[in-house]
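What follows is a set of notes on a single structure, which appears directly below.
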Amino acid sequence: MRDLSSMTRFAERHLMPDTVQVSRSRGEERLDEMTGALVPAPPVIVHAGKAGLYPHQERIRSTGSGRDGAWVEEVRAGYRLLLPLDAPEVRENDAVLVVEARDQHAVGRTYRVAAQGAVSSLPALRTVWLEEHDRKPVTP
């Protein structure tokens, strides 16, 4: 097996210029002593560190409604998140917050992990598929 450490270092240095925080819901509730209500427990931080965020368009084809059976093609915006190889496994529905980025419009945006991370026979980095969740308001 080839040593992939130089490829991994290259990927981290040149493809991951941003900083993200990946968090996971615990699925638990805790008592808010001020209100007496049960509220969701704070999420667990899974990864805080280097990442690269890249746009990705997903084409979806499905049969249209009606008798003609026409195909309907839809293009949805999605994102690909690159993480270091040593990052913990990211799971579907984890939340991703962009903390620092070369593109200042990305800072503060949140994303939802849309699918399990990709695996590879020649791993040099982790690839995770995202859907945009929320954009912070742009202030002039």
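Identifiers in this document derive from the order of the structure tokens: chains are assigned A, B, ..., residues are numbered from 1 separately in each chain, and ligands are numbered from 1 in order of occurrence.
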
> Near range 123-125 of chain A, counting only C-alpha atoms, which residues have an atom at most 7 Å away, once you skip same-chain residues fewer than 3 positions from it, shown as a list in words?
Replying inline: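 In the requested form, the answer reads Leu4, Met7, Thr8, Ala11, Leu82, Leu83, Pro84, Leu85 and Ser120 of chain A.
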
>> At a cut-off of 8 Å, using only C-alpha atoms, what residues contact Tyr79 in chain A? Leave out same-chain residues fewer than 5 positions from it and give the result as a PyMOL selection string.
In response: chain A and resi 53-57+129-132

>> Need the shell around range 19-31 of chain A: protein/DNA/RNA residues with any atom at most 6 Å away, counting only C-alpha atoms. Skip same-chain ones fewer than 2 positions apart. Format as a list in words?
In response: Glu33, Ala37, Leu38, Val39, Pro40, Ala41, Pro43, Val44, Ile45, Val46, His47, Ala48, Gly49, Lys50, Ala51, Asp94, Ala95, Val96, Leu97, Val98, Val99 and Glu100 of chain A

> Would you give me, as a ChimeraX atom specification, the residues in chain A that DSSP reads as strand (DSSP E or B)?
Replying inline: /A:18-24,29-31,38-40,44-63,71-83,95-100,110-118,126-134

>> If DSSP is run on the backbone, what residues of chain A are alpha helix (DSSP H)? A reply as a list in words would be ideal.
In response: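 Taking chain A and keeping alpha helix (DSSP H) gives Ser5, Ser6, Met7, Thr8, Arg9, Phe10, Ala11, Glu12, Arg13, His14 and Leu15 of chain A.
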
> So, counting only C-alpha atoms, which residue among A:His133, A:Ala77, A:Leu15, A:Arg9 is closest to Arg109 in chain A?
Replying inline: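 Distance minimum relative to Arg109 in chain A lands on A:His133.
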
> Which polymer residues have any atom within 9 Å of an atom of Val128 in chain A, counting only C-alpha atoms, with same-chain residues fewer than 5 positions away left out, as a PyMOL selection string?
Replying inline: chain A and resi 79-83+90-91+113-118

Written selection (all heavy atoms) as a compact mmCIF listing (two decimals), in the first residue's frame:
```
# COMPACT_ATOMS: atom_id res chain seq x y z
N TYR A 79 -23.68 21.01 -0.99
CA TYR A 79 -22.30 21.34 -0.66
C TYR A 79 -21.54 20.08 -0.28
O TYR A 79 -22.12 19.13 0.22
CB TYR A 79 -22.25 22.35 0.50
CG TYR A 79 -22.79 23.69 0.10
CD1 TYR A 79 -24.15 23.95 0.17
CD2 TYR A 79 -21.96 24.68 -0.39
CE1 TYR A 79 -24.67 25.17 -0.23
CE2 TYR A 79 -22.46 25.90 -0.80
CZ TYR A 79 -23.81 26.14 -0.71
OH TYR A 79 -24.32 27.34 -1.11
N ARG A 80 -20.25 20.13 -0.52
CA ARG A 80 -19.35 19.05 -0.14
C ARG A 80 -18.40 19.63 0.89
O ARG A 80 -17.82 20.69 0.69
CB ARG A 80 -18.60 18.58 -1.38
CG ARG A 80 -17.67 17.46 -1.15
CD ARG A 80 -17.06 16.98 -2.44
NE ARG A 80 -16.76 18.12 -3.31
CZ ARG A 80 -16.56 18.03 -4.60
NH1 ARG A 80 -16.63 16.89 -5.21
NH2 ARG A 80 -16.28 19.10 -5.31
N LEU A 81 -18.27 18.95 2.01
CA LEU A 81 -17.38 19.38 3.08
C LEU A 81 -16.20 18.42 3.12
O LEU A 81 -16.39 17.20 3.22
CB LEU A 81 -18.11 19.36 4.43
CG LEU A 81 -17.30 19.81 5.64
CD1 LEU A 81 -17.02 21.31 5.56
CD2 LEU A 81 -18.03 19.47 6.92
N LEU A 82 -15.00 18.97 3.02
CA LEU A 82 -13.79 18.15 3.13
C LEU A 82 -13.23 18.33 4.53
O LEU A 82 -13.09 19.46 5.01
CB LEU A 82 -12.76 18.60 2.09
CG LEU A 82 -13.21 18.58 0.64
CD1 LEU A 82 -12.09 19.03 -0.27
CD2 LEU A 82 -13.73 17.20 0.23
N LEU A 83 -12.93 17.22 5.17
CA LEU A 83 -12.38 17.21 6.53
C LEU A 83 -11.08 16.42 6.54
O LEU A 83 -10.88 15.53 5.71
CB LEU A 83 -13.37 16.56 7.50
CG LEU A 83 -14.69 17.28 7.72
CD1 LEU A 83 -15.65 16.41 8.53
CD2 LEU A 83 -14.46 18.60 8.44
N VAL A 90 -18.55 11.76 10.83
CA VAL A 90 -19.67 12.68 10.85
C VAL A 90 -20.90 11.88 10.42
O VAL A 90 -20.83 11.09 9.49
CB VAL A 90 -19.41 13.87 9.90
CG1 VAL A 90 -20.60 14.78 9.80
CG2 VAL A 90 -18.19 14.64 10.38
N ARG A 91 -22.01 12.11 11.10
CA ARG A 91 -23.23 11.34 10.84
C ARG A 91 -24.31 12.19 10.20
O ARG A 91 -24.31 13.41 10.34
CB ARG A 91 -23.77 10.76 12.14
CG ARG A 91 -22.83 9.80 12.81
CD ARG A 91 -23.47 9.24 14.05
NE ARG A 91 -22.48 8.50 14.82
CZ ARG A 91 -22.58 8.29 16.12
NH1 ARG A 91 -23.62 8.74 16.80
NH2 ARG A 91 -21.65 7.61 16.76
N VAL A 113 -25.79 17.72 7.69
CA VAL A 113 -25.16 16.61 6.99
C VAL A 113 -26.27 15.78 6.36
O VAL A 113 -27.18 15.30 7.04
CB VAL A 113 -24.30 15.76 7.94
CG1 VAL A 113 -23.75 14.54 7.22
CG2 VAL A 113 -23.17 16.61 8.52
N ALA A 114 -26.23 15.66 5.03
CA ALA A 114 -27.30 15.01 4.28
C ALA A 114 -27.10 13.50 4.14
O ALA A 114 -28.07 12.78 3.89
CB ALA A 114 -27.41 15.64 2.89
N ALA A 115 -25.88 13.03 4.28
CA ALA A 115 -25.60 11.60 4.11
C ALA A 115 -24.32 11.24 4.84
O ALA A 115 -23.49 12.11 5.12
CB ALA A 115 -25.47 11.25 2.63
N GLN A 116 -24.17 9.97 5.14
CA GLN A 116 -22.93 9.48 5.77
C GLN A 116 -21.74 9.92 4.93
O GLN A 116 -21.85 10.07 3.72
CB GLN A 116 -22.95 7.95 5.82
CG GLN A 116 -23.95 7.37 6.75
CD GLN A 116 -23.45 7.28 8.18
OE1 GLN A 116 -24.23 7.26 9.07
NE2 GLN A 116 -22.17 7.22 8.42
N GLY A 117 -20.61 10.11 5.57
CA GLY A 117 -19.41 10.50 4.86
C GLY A 117 -18.97 9.42 3.88
O GLY A 117 -19.20 8.22 4.10
N ALA A 118 -18.36 9.85 2.79
CA ALA A 118 -17.88 8.92 1.78
C ALA A 118 -16.64 8.19 2.30
O ALA A 118 -15.89 8.73 3.10
CB ALA A 118 -17.56 9.66 0.49
```

> In Å to one decimal, how far is CA of Phe10 in chain A from CA of Asn93 in chain A?
Replying inline: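 Rounded to one decimal, the two atoms are 28.8 Å apart.
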
> Which residue out of A:Ser6, A:Arg13, A:Asp18, A:Gly78 has the minimum interatomic distance to Gln104 in chain A when only C-alpha atoms are used?
Replying inline: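 Using only C-alpha atoms, Gln104 in chain A sits closest to A:Asp18.
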
> At what distance in Å, to one decimal, does CA of Thr127 in chain A lie from CA of Met16 in chain A?
Replying inline: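 So the two atoms, CA of Met16 in chain A and CA of Thr127 in chain A, lie 11.4 Å apart.
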
>> Residues near Asp134 in chain A, anyone? I mean within 9 Å using only C-alpha atoms, not counting same-chain ones fewer than 4 positions away, as a PyMOL selection string.
In response: chain A and resi 108-111

The selected residues should be written to file as a PDB file, in the first residue's frame (atoms: N, CA and C atoms).
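File written: out_24.pdb
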```
ATOM      1  N   GLY A 108     -20.747  31.962   9.577  1.00  0.00           N
ATOM      2  CA  GLY A 108     -22.036  32.006  10.263  1.00  0.00           C
ATOM      3  C   GLY A 108     -23.107  31.134   9.636  1.00  0.00           C
ATOM      4  N   ARG A 109     -22.886  30.649   8.442  1.00  0.00           N
ATOM      5  CA  ARG A 109     -23.882  29.771   7.811  1.00  0.00           C
ATOM      6  C   ARG A 109     -23.861  28.412   8.489  1.00  0.00           C
ATOM      7  N   THR A 110     -25.007  27.776   8.497  1.00  0.00           N
ATOM      8  CA  THR A 110     -25.095  26.432   9.058  1.00  0.00           C
ATOM      9  C   THR A 110     -25.604  25.474   7.989  1.00  0.00           C
ATOM     10  N   TYR A 111     -25.190  24.244   8.115  1.00  0.00           N
ATOM     11  CA  TYR A 111     -25.538  23.192   7.164  1.00  0.00           C
ATOM     12  C   TYR A 111     -25.938  21.945   7.943  1.00  0.00           C
TER      13      TYR A 111
END
```

> Which distance in Å separates CA of Asp86 in chain A and CA of Ser5 in chain A, to one decimal?
Replying inline: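 One can read the CA of Asp86 in chain A to CA of Ser5 in chain A distance as 11.6 Å.
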